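For reference, the structure discussed in these notes is given below.
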Amino acid sequence: MVDVLIGFFLATLITELFSTRLFKLIYWYALNSLFLGLIALYIGFNIDDKAMIITGFLTLFLKAIIIPYILKVYFLRFNIPRRIIPKITIQYSIILIPIVLVFTFYLITPILHNFTHANYVSIAISALFLAILLIIEHKNIAPKIVGFLSIENSLFLLGISATDGMPMMVELGIFVDLMMLVVVINLLLKEAK
Amino acid sequence: MSFVFLPPIVIFVLSYFKIHRVLMSLVASSVIIPAIYILTHHFESSYFYADKLGSFVLLVSSIVGIGISISLISLPERIKMSEKNIKKIYRFFGIFWLGVTISILANNMGIYWIGLEFATLSTVYMIKLNNTDVANKQAWKYLIVGVIGISLILFGIILMYSAGKNALNENAMNFYALSLNSKKIEGFLFEIGFLIAVTGMFIKMGFFPMNLWLADIERASIYPIGALFSGILESAIILGFFRLTKIEEHINYSHLIGFVYIYGLITLFIIVFLMYRTKDFIRLFSFSGIEHMVLISLFWVSGGYFAALLHFAAHAFFKPALFLSTGLLEQTKKYLFKGALNGYKNKLVPILVSMLLLGVISLPPSPMFFSEIYGFKAMIDVSKDSHYFLLMIFGVFIVLTLLSVVFYKFVNVYQEAVYESDGNNNKKVYKSEIFMLLWFLTALIGLLFSFDYIDGIIR
């Protein structure tokens, strides 16, 4: 089951890289967060880890619903251009993305024995690289913001897969920081207007 | 311990009411009492802990915080700002200071990261408050660079936590537990995490390849931002570096030396030429800040703990004072103390600023003179014990050569600085600004009498 969910997580992230419309990008980000939340919940219930279950629900509520909604409201309110063309064209992305995926599997070969789910760790690290690629390939600020949030998603996945979840206090702190990022983005856009 | 968080919170709350700038400064000054208390009463819990190192860094950052709050008294007279924006500056200064204090006192690596993220995000908006197109662009730029740097730090922390989790469970998140049990953790995985986290920290301090962003944002934003970065934020980051290197040196010391020396030398090489070409005070001070961070890192990993800590504290006092003086200096890409010669107060300022300018390039009796002497001694000592003696000595020689270019640049600026009055358009110097400069100068003199204490921090 986790394999399927992680597959969907990666697929939605890759689709984000191909998006040329802003609201579709937010939609894919919301789906990406949804699968992440489901992974956390599934693993949390399996190993009976209450902290992970709570963070799973928080992910579903905040990252899959609230943050995408707030971002959509901001982008509408401040008239952010909705057409976003990646600088790296699709034909090059199609070559680049598998290279990143294979490279990450190669990268973690020396530390395979450290993890019970080495494949998940590898996917989390490749998701991090892909999220950075999302930031790099766009000139507009709006997709870059979604890129930051995707970086955070991939680090959360890494936290789940490499360490079976970080301590509760840290997870909550990261959520608070995420909300502060959203507030700061609002202030920056407001002043720019 | 909790009282140390109080002044930033009170500043944040008071920023929602009518601003009384002197009152704000008095509130900020009250932080000195808990900071001194923590210096003498250490503690340890799973989330926070204060050892000699942490409490020393906390005291230094508190002194800098007070100095900056004093300088904010005259900010509206220097820069035209609305009441609303001044409130916002205090509000974000409060959040920033709170974040940095959390980071400095954190035992848990996750809490350390959360504090850093708080500080980063609050400064993003403070850059924007300058209300120019350039400042707006630089705020976004900082958001991108800052978030990437901070993400790398979190990435590294997760890997380091994973390396120690089998042996230490949730305690693997604690600096203290990791340093006590460094032999039990998975060395290779920890090293990968360490390298990634330290690269994130270096990016946040403006090391290679992100050399320009710090200078750009400090140039574009209002002048206290440079002081916040060089005096307070870098204190929190470098403390994380200190704590992680103390663990890493038990795992693989030669990798640590190789990584930091190579990274530091490349950064220094680029920074020195950027400094040589720079044409205004803020960029010069900004690049100089990166150069000093490289030196502190090199001294620390070479085992020159006294030198590194003395250099760190001296830099934390010198650089904010210099950045805050740029509010008094002209900022039109000239080295010019324009119209600051009338009256005793105005004459005092160029003298104080000149002392700071010469002190920052280690002219005796500056504390930096002693720190560099002891720091280079530590570097030569570590070279003597190394299998790569000639390579290491060559590295030290390169560092000294590059530093000579920095000294030349500062002396050149000092000689070329023009102290002139242009008649009617004289610049006024406020009492609070002189008090701020004297505050930093007193702290620097205090450092000269604290050698024994600093030497005893790491034994």
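Here, A, B, ... name the chains of the structure tokens in the order displayed, residue numbers run from 1 inside each chain, and ligands are numbered from 1 in the same displayed order.
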So which residues of range 229-418 of chain B fall under alpha helix (DSSP H) by DSSP, listed as a CSV table (one decimal) with N, CA and C atoms, in the first residue's frame?
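As written to disk, part24.csv reads:
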chain,number,residue,atom,x,y,z
B,234,GLU,N,24.2,35.3,12.6
B,234,GLU,CA,25.4,34.5,12.4
B,234,GLU,C,25.9,33.8,13.7
B,235,SER,N,25.5,34.4,14.8
B,235,SER,CA,25.9,33.8,16.1
B,235,SER,C,25.2,32.5,16.3
B,236,ALA,N,23.9,32.5,15.9
B,236,ALA,CA,23.1,31.3,16.1
B,236,ALA,C,23.6,30.2,15.1
B,237,ILE,N,23.9,30.6,13.9
B,237,ILE,CA,24.3,29.6,12.9
B,237,ILE,C,25.7,29.0,13.3
B,238,ILE,N,26.6,29.9,13.7
B,238,ILE,CA,27.9,29.4,14.0
B,238,ILE,C,27.9,28.6,15.2
B,239,LEU,N,27.0,28.8,16.2
B,239,LEU,CA,26.9,27.9,17.3
B,239,LEU,C,26.5,26.5,16.9
B,240,GLY,N,25.6,26.4,15.9
B,240,GLY,CA,25.2,25.1,15.4
B,240,GLY,C,26.4,24.4,14.8
B,241,PHE,N,27.2,25.2,14.1
B,241,PHE,CA,28.4,24.7,13.4
B,241,PHE,C,29.4,24.2,14.5
B,242,PHE,N,29.6,25.0,15.6
B,242,PHE,CA,30.4,24.6,16.7
B,242,PHE,C,30.0,23.2,17.3
B,243,ARG,N,28.7,23.1,17.6
B,243,ARG,CA,28.2,22.0,18.2
B,243,ARG,C,28.3,20.7,17.4
B,244,LEU,N,28.0,20.9,16.1
B,244,LEU,CA,28.1,19.7,15.2
B,244,LEU,C,29.5,19.3,14.9
B,245,THR,N,30.4,20.2,14.8
B,245,THR,CA,31.8,19.9,14.6
B,245,THR,C,32.4,19.1,15.8
B,246,LYS,N,31.9,19.5,17.0
B,246,LYS,CA,32.5,18.8,18.2
B,246,LYS,C,32.1,17.3,18.1
B,247,ILE,N,30.9,17.0,17.5
B,247,ILE,CA,30.5,15.6,17.3
B,247,ILE,C,31.3,14.9,16.2
B,248,GLU,N,31.4,15.7,15.1
B,248,GLU,CA,32.0,15.1,13.9
B,248,GLU,C,33.5,14.8,14.1
B,249,GLU,N,34.2,15.6,15.0
B,249,GLU,CA,35.6,15.4,15.1
B,249,GLU,C,35.9,14.1,15.8
B,250,HIS,N,34.9,13.5,16.6
B,250,HIS,CA,35.1,12.2,17.2
B,250,HIS,C,34.9,11.1,16.1
B,251,ILE,N,34.2,11.5,15.0
B,251,ILE,CA,33.8,10.4,14.0
B,251,ILE,C,34.9,10.4,13.0
B,253,TYR,N,38.0,13.1,12.1
B,253,TYR,CA,38.6,14.4,12.2
B,253,TYR,C,39.2,14.9,10.9
B,254,SER,N,39.9,14.0,10.2
B,254,SER,CA,40.6,14.4,8.9
B,254,SER,C,39.6,14.8,7.9
B,255,HIS,N,38.4,14.2,7.8
B,255,HIS,CA,37.4,14.6,6.8
B,255,HIS,C,36.9,16.0,7.2
B,256,LEU,N,36.7,16.2,8.5
B,256,LEU,CA,36.3,17.5,8.9
B,256,LEU,C,37.3,18.6,8.5
B,257,ILE,N,38.5,18.4,8.8
B,257,ILE,CA,39.6,19.4,8.5
B,257,ILE,C,39.6,19.6,7.0
B,258,GLY,N,39.6,18.5,6.2
B,258,GLY,CA,39.7,18.7,4.8
B,258,GLY,C,38.5,19.5,4.2
B,259,PHE,N,37.3,19.1,4.7
B,259,PHE,CA,36.1,19.8,4.2
B,259,PHE,C,36.1,21.3,4.5
B,260,VAL,N,36.3,21.6,5.8
B,260,VAL,CA,36.2,23.0,6.2
B,260,VAL,C,37.4,23.8,5.6
B,261,TYR,N,38.6,23.3,5.5
B,261,TYR,CA,39.7,24.0,4.9
B,261,TYR,C,39.5,24.3,3.4
B,262,ILE,N,39.1,23.3,2.7
B,262,ILE,CA,38.9,23.5,1.3
B,262,ILE,C,37.8,24.5,1.0
B,263,TYR,N,36.6,24.3,1.7
B,263,TYR,CA,35.5,25.2,1.6
B,263,TYR,C,35.9,26.6,2.0
B,264,GLY,N,36.6,26.7,3.1
B,264,GLY,CA,37.0,28.0,3.6
B,264,GLY,C,37.9,28.7,2.7
B,265,LEU,N,38.9,28.0,2.1
B,265,LEU,CA,39.9,28.6,1.2
B,265,LEU,C,39.2,29.1,-0.1
B,266,ILE,N,38.3,28.3,-0.6
B,266,ILE,CA,37.7,28.7,-1.9
B,266,ILE,C,36.9,30.0,-1.6
B,267,THR,N,36.1,30.0,-0.5
B,267,THR,CA,35.3,31.2,-0.1
B,267,THR,C,36.2,32.4,0.1
B,268,LEU,N,37.3,32.2,0.8
B,268,LEU,CA,38.1,33.4,1.1
B,268,LEU,C,38.7,33.9,-0.2
B,269,PHE,N,39.1,33.0,-1.1
B,269,PHE,CA,39.7,33.4,-2.3
B,269,PHE,C,38.8,34.4,-3.1
B,270,ILE,N,37.5,34.0,-3.2
B,270,ILE,CA,36.5,34.8,-3.9
B,270,ILE,C,36.2,36.0,-3.2
B,271,ILE,N,36.0,35.9,-1.9
B,271,ILE,CA,35.6,37.1,-1.1
B,271,ILE,C,36.6,38.2,-1.1
B,272,VAL,N,37.9,37.8,-1.0
B,272,VAL,CA,38.9,38.8,-1.0
B,272,VAL,C,38.9,39.7,-2.2
B,273,PHE,N,38.7,39.0,-3.4
B,273,PHE,CA,38.7,39.8,-4.6
B,273,PHE,C,37.5,40.7,-4.7
B,274,LEU,N,36.3,40.2,-4.2
B,274,LEU,CA,35.1,41.0,-4.2
B,274,LEU,C,35.3,42.2,-3.3
B,275,MET,N,36.0,42.0,-2.2
B,275,MET,CA,36.3,43.1,-1.2
B,275,MET,C,37.2,44.1,-1.9
B,276,TYR,N,38.2,43.6,-2.6
B,276,TYR,CA,39.1,44.5,-3.3
B,276,TYR,C,38.4,45.5,-4.2
B,277,ARG,N,37.4,44.9,-4.9
B,277,ARG,CA,36.7,45.7,-5.9
B,277,ARG,C,35.5,46.6,-5.4
B,281,PHE,N,30.7,51.2,1.8
B,281,PHE,CA,30.9,50.7,3.1
B,281,PHE,C,30.1,49.4,3.4
B,282,ILE,N,28.8,49.4,3.0
B,282,ILE,CA,28.0,48.3,3.4
B,282,ILE,C,28.5,47.0,2.8
B,283,ARG,N,28.8,47.0,1.5
B,283,ARG,CA,29.3,45.8,0.8
B,283,ARG,C,30.6,45.4,1.4
B,284,LEU,N,31.5,46.4,1.7
B,284,LEU,CA,32.8,46.1,2.3
B,284,LEU,C,32.6,45.3,3.6
B,285,PHE,N,31.7,45.9,4.5
B,285,PHE,CA,31.5,45.3,5.8
B,285,PHE,C,30.9,43.9,5.7
B,286,SER,N,30.0,43.8,4.7
B,286,SER,CA,29.3,42.5,4.5
B,286,SER,C,30.3,41.4,4.0
B,287,PHE,N,31.1,41.7,3.1
B,287,PHE,CA,32.1,40.7,2.6
B,287,PHE,C,33.1,40.4,3.7
B,288,SER,N,33.5,41.5,4.5
B,288,SER,CA,34.4,41.3,5.6
B,288,SER,C,33.8,40.3,6.6
B,289,GLY,N,32.5,40.4,6.8
B,289,GLY,CA,31.8,39.5,7.7
B,289,GLY,C,32.0,38.0,7.3
B,290,ILE,N,31.8,37.8,6.0
B,290,ILE,CA,32.0,36.4,5.5
B,290,ILE,C,33.4,36.0,5.7
B,291,GLU,N,34.4,36.9,5.5
B,291,GLU,CA,35.8,36.5,5.7
B,291,GLU,C,36.1,36.1,7.1
B,292,HIS,N,35.5,36.9,8.1
B,292,HIS,CA,35.7,36.6,9.5
B,292,HIS,C,35.0,35.2,9.8
B,293,MET,N,33.9,34.9,9.2
B,293,MET,CA,33.2,33.7,9.5
B,293,MET,C,34.1,32.5,9.1
B,294,VAL,N,34.8,32.7,7.9
B,294,VAL,CA,35.7,31.7,7.4
B,294,VAL,C,36.8,31.5,8.4
B,295,LEU,N,37.4,32.6,8.9
B,295,LEU,CA,38.5,32.5,9.9
B,295,LEU,C,38.0,31.8,11.2
B,296,ILE,N,36.8,32.1,11.6
B,296,ILE,CA,36.3,31.5,12.9
B,296,ILE,C,36.2,30.0,12.7
B,297,SER,N,35.6,29.6,11.5
B,297,SER,CA,35.5,28.2,11.2
B,297,SER,C,36.8,27.5,11.2
B,298,LEU,N,37.8,28.1,10.5
B,298,LEU,CA,39.1,27.5,10.4
B,298,LEU,C,39.8,27.3,11.8
B,299,PHE,N,39.7,28.4,12.6
B,299,PHE,CA,40.3,28.4,13.9
B,299,PHE,C,39.7,27.3,14.7
B,300,TRP,N,38.3,27.2,14.6
B,300,TRP,CA,37.6,26.2,15.5
B,300,TRP,C,38.0,24.8,15.1
B,301,VAL,N,37.9,24.4,13.8
B,301,VAL,CA,38.2,23.0,13.5
B,301,VAL,C,39.7,22.7,13.7
B,305,TYR,N,40.1,26.8,20.0
B,305,TYR,CA,38.8,27.2,20.5
B,305,TYR,C,38.8,28.6,21.1
B,306,PHE,N,39.8,28.9,21.9
B,306,PHE,CA,39.9,30.2,22.5
B,306,PHE,C,39.9,31.3,21.4
B,307,ALA,N,40.8,31.0,20.3
B,307,ALA,CA,40.9,32.0,19.3
B,307,ALA,C,39.5,32.2,18.5
B,308,ALA,N,38.9,31.0,18.3
B,308,ALA,CA,37.6,31.1,17.5
B,308,ALA,C,36.6,31.8,18.3
B,309,LEU,N,36.5,31.6,19.6
B,309,LEU,CA,35.4,32.2,20.4
B,309,LEU,C,35.7,33.7,20.6
B,310,LEU,N,37.0,34.0,20.8
B,310,LEU,CA,37.3,35.4,20.9
B,310,LEU,C,37.1,36.2,19.6
B,311,HIS,N,37.4,35.5,18.5
B,311,HIS,CA,37.2,36.2,17.2
B,311,HIS,C,35.7,36.3,16.9
B,312,PHE,N,35.0,35.3,17.3
B,312,PHE,CA,33.5,35.3,17.1
B,312,PHE,C,32.9,36.5,17.9
B,313,ALA,N,33.3,36.6,19.2
B,313,ALA,CA,32.7,37.7,20.0
B,313,ALA,C,33.1,39.0,19.5
B,314,ALA,N,34.4,39.2,19.2
B,314,ALA,CA,34.9,40.5,18.7
B,314,ALA,C,34.2,40.9,17.4
B,315,HIS,N,34.0,39.9,16.5
B,315,HIS,CA,33.4,40.2,15.3
B,315,HIS,C,31.9,40.6,15.5
B,316,ALA,N,31.3,39.9,16.5
B,316,ALA,CA,29.9,40.1,16.8
B,316,ALA,C,29.7,41.6,17.3
B,317,PHE,N,30.7,42.1,17.9
B,317,PHE,CA,30.6,43.5,18.5
B,317,PHE,C,31.0,44.5,17.4
B,318,PHE,N,32.1,44.2,16.7
B,318,PHE,CA,32.7,45.2,15.7
B,318,PHE,C,31.7,45.4,14.6
B,319,LYS,N,31.2,44.3,14.0
B,319,LYS,CA,30.5,44.4,12.7
B,319,LYS,C,29.2,45.1,12.9
B,320,PRO,N,28.3,44.8,13.9
B,320,PRO,CA,27.1,45.6,14.0
B,320,PRO,C,27.4,47.0,14.2
B,321,ALA,N,28.4,47.3,15.0
B,321,ALA,CA,28.7,48.7,15.3
B,321,ALA,C,29.1,49.4,14.0
B,322,LEU,N,29.8,48.8,13.1
B,322,LEU,CA,30.2,49.4,11.9
B,322,LEU,C,29.0,49.5,11.0
B,323,PHE,N,28.1,48.5,10.9
B,323,PHE,CA,26.9,48.5,10.1
B,323,PHE,C,26.0,49.7,10.5
B,324,LEU,N,25.9,49.8,11.9
B,324,LEU,CA,25.0,50.9,12.4
B,324,LEU,C,25.6,52.2,12.2
B,325,SER,N,26.9,52.3,12.1
B,325,SER,CA,27.6,53.6,11.8
B,325,SER,C,27.3,54.0,10.4
B,343,GLY,N,30.6,70.5,16.2
B,343,GLY,CA,30.3,70.2,17.5
B,343,GLY,C,31.0,69.0,18.0
B,344,TYR,N,31.2,68.8,19.3
B,344,TYR,CA,32.0,67.7,19.9
B,344,TYR,C,31.4,66.4,19.6
B,345,LYS,N,30.0,66.3,19.6
B,345,LYS,CA,29.4,65.0,19.3
B,345,LYS,C,29.8,64.5,17.9
B,346,ASN,N,29.7,65.4,17.0
B,346,ASN,CA,30.0,65.0,15.6
B,346,ASN,C,31.4,64.7,15.4
B,347,LYS,N,32.3,65.3,16.2
B,347,LYS,CA,33.7,65.0,16.0
B,347,LYS,C,34.0,63.6,16.6
B,348,LEU,N,33.3,63.3,17.6
B,348,LEU,CA,33.5,62.0,18.3
B,348,LEU,C,33.2,60.8,17.4
B,349,VAL,N,32.2,61.0,16.6
B,349,VAL,CA,31.7,59.8,15.7
B,349,VAL,C,32.8,59.4,14.8
B,350,PRO,N,33.4,60.3,14.0
B,350,PRO,CA,34.5,59.8,13.1
B,350,PRO,C,35.6,59.1,13.9
B,351,ILE,N,35.9,59.6,15.1
B,351,ILE,CA,37.0,59.0,15.8
B,351,ILE,C,36.6,57.5,16.2
B,352,LEU,N,35.3,57.4,16.7
B,352,LEU,CA,34.9,56.1,17.1
B,352,LEU,C,34.8,55.1,15.9
B,353,VAL,N,34.3,55.6,14.8
B,353,VAL,CA,34.2,54.8,13.6
B,353,VAL,C,35.6,54.4,13.1
B,354,SER,N,36.5,55.3,13.2
B,354,SER,CA,37.9,55.0,12.7
B,354,SER,C,38.5,53.9,13.6
B,355,MET,N,38.2,54.0,14.9
B,355,MET,CA,38.8,53.0,15.8
B,355,MET,C,38.2,51.7,15.5
B,356,LEU,N,36.9,51.6,15.2
B,356,LEU,CA,36.3,50.3,14.8
B,356,LEU,C,36.8,49.8,13.5
B,357,LEU,N,37.0,50.7,12.5
B,357,LEU,CA,37.6,50.3,11.2
B,357,LEU,C,38.9,49.7,11.3
B,358,LEU,N,39.8,50.3,12.2
B,358,LEU,CA,41.1,49.8,12.3
B,358,LEU,C,41.1,48.6,13.2
B,359,GLY,N,40.2,48.5,14.2
B,359,GLY,CA,40.1,47.4,15.1
B,359,GLY,C,39.7,46.1,14.4
B,367,PRO,N,40.8,43.0,20.2
B,367,PRO,CA,40.7,41.6,20.5
B,367,PRO,C,41.0,40.7,19.3
B,368,MET,N,40.7,41.2,18.1
B,368,MET,CA,41.0,40.4,16.9
B,368,MET,C,42.4,40.1,16.7
B,369,PHE,N,43.3,41.0,17.2
B,369,PHE,CA,44.7,40.8,17.0
B,369,PHE,C,45.1,39.6,17.8
B,370,PHE,N,44.6,39.4,19.0
B,370,PHE,CA,45.0,38.3,19.8
B,370,PHE,C,44.4,37.0,19.3
B,371,SER,N,43.1,37.1,18.8
B,371,SER,CA,42.4,35.9,18.3
B,371,SER,C,43.1,35.4,17.0
B,372,GLU,N,43.6,36.3,16.2
B,372,GLU,CA,44.3,35.8,15.0
B,372,GLU,C,45.6,35.2,15.3
B,373,ILE,N,46.3,35.8,16.2
B,373,ILE,CA,47.6,35.3,16.6
B,373,ILE,C,47.4,33.8,17.1
B,374,TYR,N,46.5,33.6,18.1
B,374,TYR,CA,46.3,32.3,18.6
B,374,TYR,C,45.6,31.4,17.6
B,375,GLY,N,44.8,31.9,16.7
B,375,GLY,CA,44.1,31.1,15.7
B,375,GLY,C,45.2,30.6,14.7
B,376,PHE,N,46.1,31.4,14.2
B,376,PHE,CA,47.1,30.9,13.3
B,376,PHE,C,48.0,29.9,13.9
B,377,LYS,N,48.3,30.2,15.2
B,377,LYS,CA,49.1,29.2,16.0
B,377,LYS,C,48.5,27.8,16.0
B,378,ALA,N,47.1,27.8,16.2
B,378,ALA,CA,46.4,26.6,16.2
B,378,ALA,C,46.5,25.9,14.8
B,379,MET,N,46.3,26.7,13.8
B,379,MET,CA,46.4,26.2,12.4
B,379,MET,C,47.8,25.6,12.1
B,380,ILE,N,48.8,26.3,12.6
B,380,ILE,CA,50.2,25.7,12.3
B,380,ILE,C,50.4,24.4,13.2
B,381,ASP,N,49.8,24.4,14.4
B,381,ASP,CA,50.0,23.2,15.2
B,381,ASP,C,49.3,22.0,14.6
B,382,VAL,N,48.1,22.3,14.0
B,382,VAL,CA,47.4,21.1,13.4
B,382,VAL,C,48.1,20.7,12.1
B,383,SER,N,48.8,21.6,11.5
B,383,SER,CA,49.6,21.3,10.3
B,383,SER,C,50.7,20.4,10.6
B,384,LYS,N,51.4,20.7,11.8
B,384,LYS,CA,52.6,20.0,12.2
B,384,LYS,C,52.2,18.5,12.5
B,389,PHE,N,51.7,17.7,5.9
B,389,PHE,CA,52.3,19.0,6.5
B,389,PHE,C,52.4,20.1,5.4
B,390,LEU,N,53.1,19.8,4.3
B,390,LEU,CA,53.4,20.8,3.3
B,390,LEU,C,52.1,21.4,2.8
B,391,LEU,N,51.1,20.6,2.5
B,391,LEU,CA,49.9,21.0,1.9
B,391,LEU,C,49.2,22.0,2.9
B,392,MET,N,49.2,21.6,4.2
B,392,MET,CA,48.5,22.4,5.2
B,392,MET,C,49.2,23.7,5.4
B,393,ILE,N,50.5,23.7,5.5
B,393,ILE,CA,51.2,24.9,5.7
B,393,ILE,C,51.0,25.8,4.5
B,394,PHE,N,51.0,25.2,3.3
B,394,PHE,CA,50.7,26.0,2.1
B,394,PHE,C,49.3,26.7,2.2
B,395,GLY,N,48.3,26.0,2.8
B,395,GLY,CA,47.0,26.5,3.0
B,395,GLY,C,47.0,27.7,3.9
B,396,VAL,N,47.8,27.5,5.0
B,396,VAL,CA,47.9,28.6,6.0
B,396,VAL,C,48.5,29.9,5.4
B,397,PHE,N,49.6,29.6,4.5
B,397,PHE,CA,50.3,30.7,3.8
B,397,PHE,C,49.3,31.4,2.9
B,398,ILE,N,48.4,30.6,2.2
B,398,ILE,CA,47.5,31.2,1.3
B,398,ILE,C,46.5,32.1,2.1
B,399,VAL,N,46.0,31.6,3.2
B,399,VAL,CA,45.1,32.4,4.0
B,399,VAL,C,45.7,33.7,4.4
B,400,LEU,N,47.0,33.7,4.9
B,400,LEU,CA,47.7,34.9,5.3
B,400,LEU,C,47.8,35.9,4.1
B,401,THR,N,48.2,35.3,3.0
B,401,THR,CA,48.3,36.2,1.8
B,401,THR,C,47.0,36.9,1.4
B,402,LEU,N,46.0,36.1,1.5
B,402,LEU,CA,44.7,36.7,1.1
B,402,LEU,C,44.2,37.7,2.2
B,403,LEU,N,44.6,37.5,3.4
B,403,LEU,CA,44.2,38.4,4.5
B,403,LEU,C,45.0,39.7,4.3
B,404,SER,N,46.2,39.6,3.8
B,404,SER,CA,47.0,40.9,3.6
B,404,SER,C,46.2,41.8,2.6
B,405,VAL,N,45.5,41.2,1.6
B,405,VAL,CA,44.8,42.1,0.7
B,405,VAL,C,43.6,42.8,1.4
B,406,VAL,N,43.0,42.0,2.3
B,406,VAL,CA,41.9,42.6,3.1
B,406,VAL,C,42.4,43.8,4.0
B,407,PHE,N,43.6,43.6,4.6
B,407,PHE,CA,44.2,44.6,5.4
B,407,PHE,C,44.5,45.9,4.6
B,408,TYR,N,45.0,45.6,3.4
B,408,TYR,CA,45.4,46.7,2.5
B,408,TYR,C,44.1,47.5,2.2
B,409,LYS,N,43.0,46.8,1.9
B,409,LYS,CA,41.8,47.4,1.5
B,409,LYS,C,41.2,48.3,2.6
B,410,PHE,N,41.2,47.8,3.8
B,410,PHE,CA,40.7,48.5,5.0
B,410,PHE,C,41.5,49.8,5.2
B,411,VAL,N,42.9,49.6,5.2
B,411,VAL,CA,43.7,50.7,5.5
B,411,VAL,C,43.5,51.8,4.4
B,412,ASN,N,43.4,51.3,3.1
B,412,ASN,CA,43.1,52.2,2.0
B,412,ASN,C,41.9,53.0,2.2
B,413,VAL,N,40.8,52.3,2.7
B,413,VAL,CA,39.5,53.0,2.9
B,413,VAL,C,39.7,54.0,4.0
B,414,TYR,N,40.4,53.6,5.0
B,414,TYR,CA,40.7,54.5,6.2
B,414,TYR,C,41.4,55.8,5.7
B,415,GLN,N,42.4,55.6,4.8
B,415,GLN,CA,43.2,56.7,4.3
B,415,GLN,C,42.3,57.6,3.4
B,416,GLU,N,41.5,57.0,2.6
B,416,GLU,CA,40.7,57.7,1.6
B,416,GLU,C,39.5,58.4,2.1
Would you tabulate, counting only C-alpha atoms, all residues of chain A that have an atom at most 8 Å from an atom of chain B, showing the closest pair of atoms and their distance in Å to one decimal, sorted by chain then ascending number, as CSV?
residue,atom,partner,partner_atom,distance
A:Ile111,CA,B:Leu189,CA,6.7
A:Asn114,CA,B:Ala163,CA,7.8
A:Lys144,CA,B:Ile144,CA,8.0
A:Phe148,CA,B:Val147,CA,7.1
A:Ile151,CA,B:Ser151,CA,7.4
A:Glu152,CA,B:Ser151,CA,7.5
A:Leu155,CA,B:Phe155,CA,6.4
A:Leu158,CA,B:Ile158,CA,7.4
A:Gly159,CA,B:Ile158,CA,6.0
A:Ala162,CA,B:Ser162,CA,6.1
A:Thr163,CA,B:Ser162,CA,5.1
A:Met166,CA,B:Ile158,CA,7.9
A:Pro167,CA,B:Glu170,CA,6.7
A:Val170,CA,B:Gly110,CA,5.2
A:Gly173,CA,B:Ile114,CA,6.1
A:Ile174,CA,B:Ile114,CA,6.5
A:Asp177,CA,B:Phe118,CA,6.5
A:Met180,CA,B:Leu121,CA,7.4
A:Leu181,CA,B:Leu121,CA,6.6
A:Val184,CA,B:Tyr125,CA,6.6
A:Leu187,CA,B:Tyr125,CA,7.4
A:Leu188,CA,B:Tyr125,CA,6.8
A:Ala192,CA,B:Asn136,CA,7.0
For Trp439 in chain B, work out the shell of residues within 9 Å, counting only C-alpha atoms and skipping chain neighbours fewer than 5 positions away, then give it as a list in words. Ile63, Ile66, Gly67, Ile434 and Leu444 of chain B
Which of these residues is nearest to Leu10 in chain A, using only C-alpha atoms: A:Ala124, A:Ile185, A:Leu58, A:Ile135? A:Ala124
Tell me which of A:Leu62, A:Thr12, A:Pro86, A:Thr20 sits closest to His138 in chain A, counting only C-alpha atoms. A:Pro86
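Shortest separation to Ala118 in chain A among A:Ile160, A:Ile54, A:Ile132, A:Val73 occurs at residue A:Ile160, atoms counted being only C-alpha atoms.
Take the candidates A:Leu31, A:Ala131, A:Leu96, A:Ile85 and check each one against Ala64 in chain A using only C-alpha atoms; the shortest distance goes to A:Leu31.
By only C-alpha atoms, and with residues fewer than 5 positions from Phe61 in chain A along its chain excluded, the set lying at most 10 Å from it is Ser33, Leu34, Gly37, Thr55, Gly56, Ile66 and Ile67 of chain A.
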Selection export as a short mmCIF file (atom, residue, chain, number, x, y, z; two decimals), in the first residue's frame, atoms kept: N, CA and C atoms:
data_model
loop_
_atom_site.label_atom_id
_atom_site.label_comp_id
_atom_site.auth_asym_id
_atom_site.auth_seq_id
_atom_site.Cartn_x
_atom_site.Cartn_y
_atom_site.Cartn_z
N SER A 33 0.39 16.59 -1.33
CA SER A 33 0.29 16.64 0.13
C SER A 33 -0.71 15.59 0.63
N LEU A 34 -1.77 15.37 -0.14
CA LEU A 34 -2.77 14.38 0.25
C LEU A 34 -2.13 12.99 0.36
N GLY A 37 0.12 12.83 3.36
CA GLY A 37 -0.65 12.66 4.60
C GLY A 37 -1.12 11.22 4.75
N THR A 55 0.48 14.05 13.01
CA THR A 55 1.11 14.84 11.93
C THR A 55 0.49 14.48 10.58
N GLY A 56 0.07 13.21 10.43
CA GLY A 56 -0.61 12.81 9.20
C GLY A 56 -1.90 13.59 9.00
N ILE A 66 -5.85 23.63 3.52
CA ILE A 66 -5.76 25.04 3.92
C ILE A 66 -4.73 25.82 3.07
N ILE A 67 -3.48 25.32 3.03
CA ILE A 67 -2.44 26.08 2.32
C ILE A 67 -2.76 26.24 0.83
#
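Considering only range 159-363 of chain B, backbone DSSP assigns strand (DSSP E or B) to Asn174, Leu336, Phe337 and Lys338 of chain B.
For the set A:Phe45, A:Phe75, A:Phe9, A:Phe105, the residue with the smallest atom-to-atom gap to Pro143 in chain A is A:Phe75, counting only C-alpha atoms.
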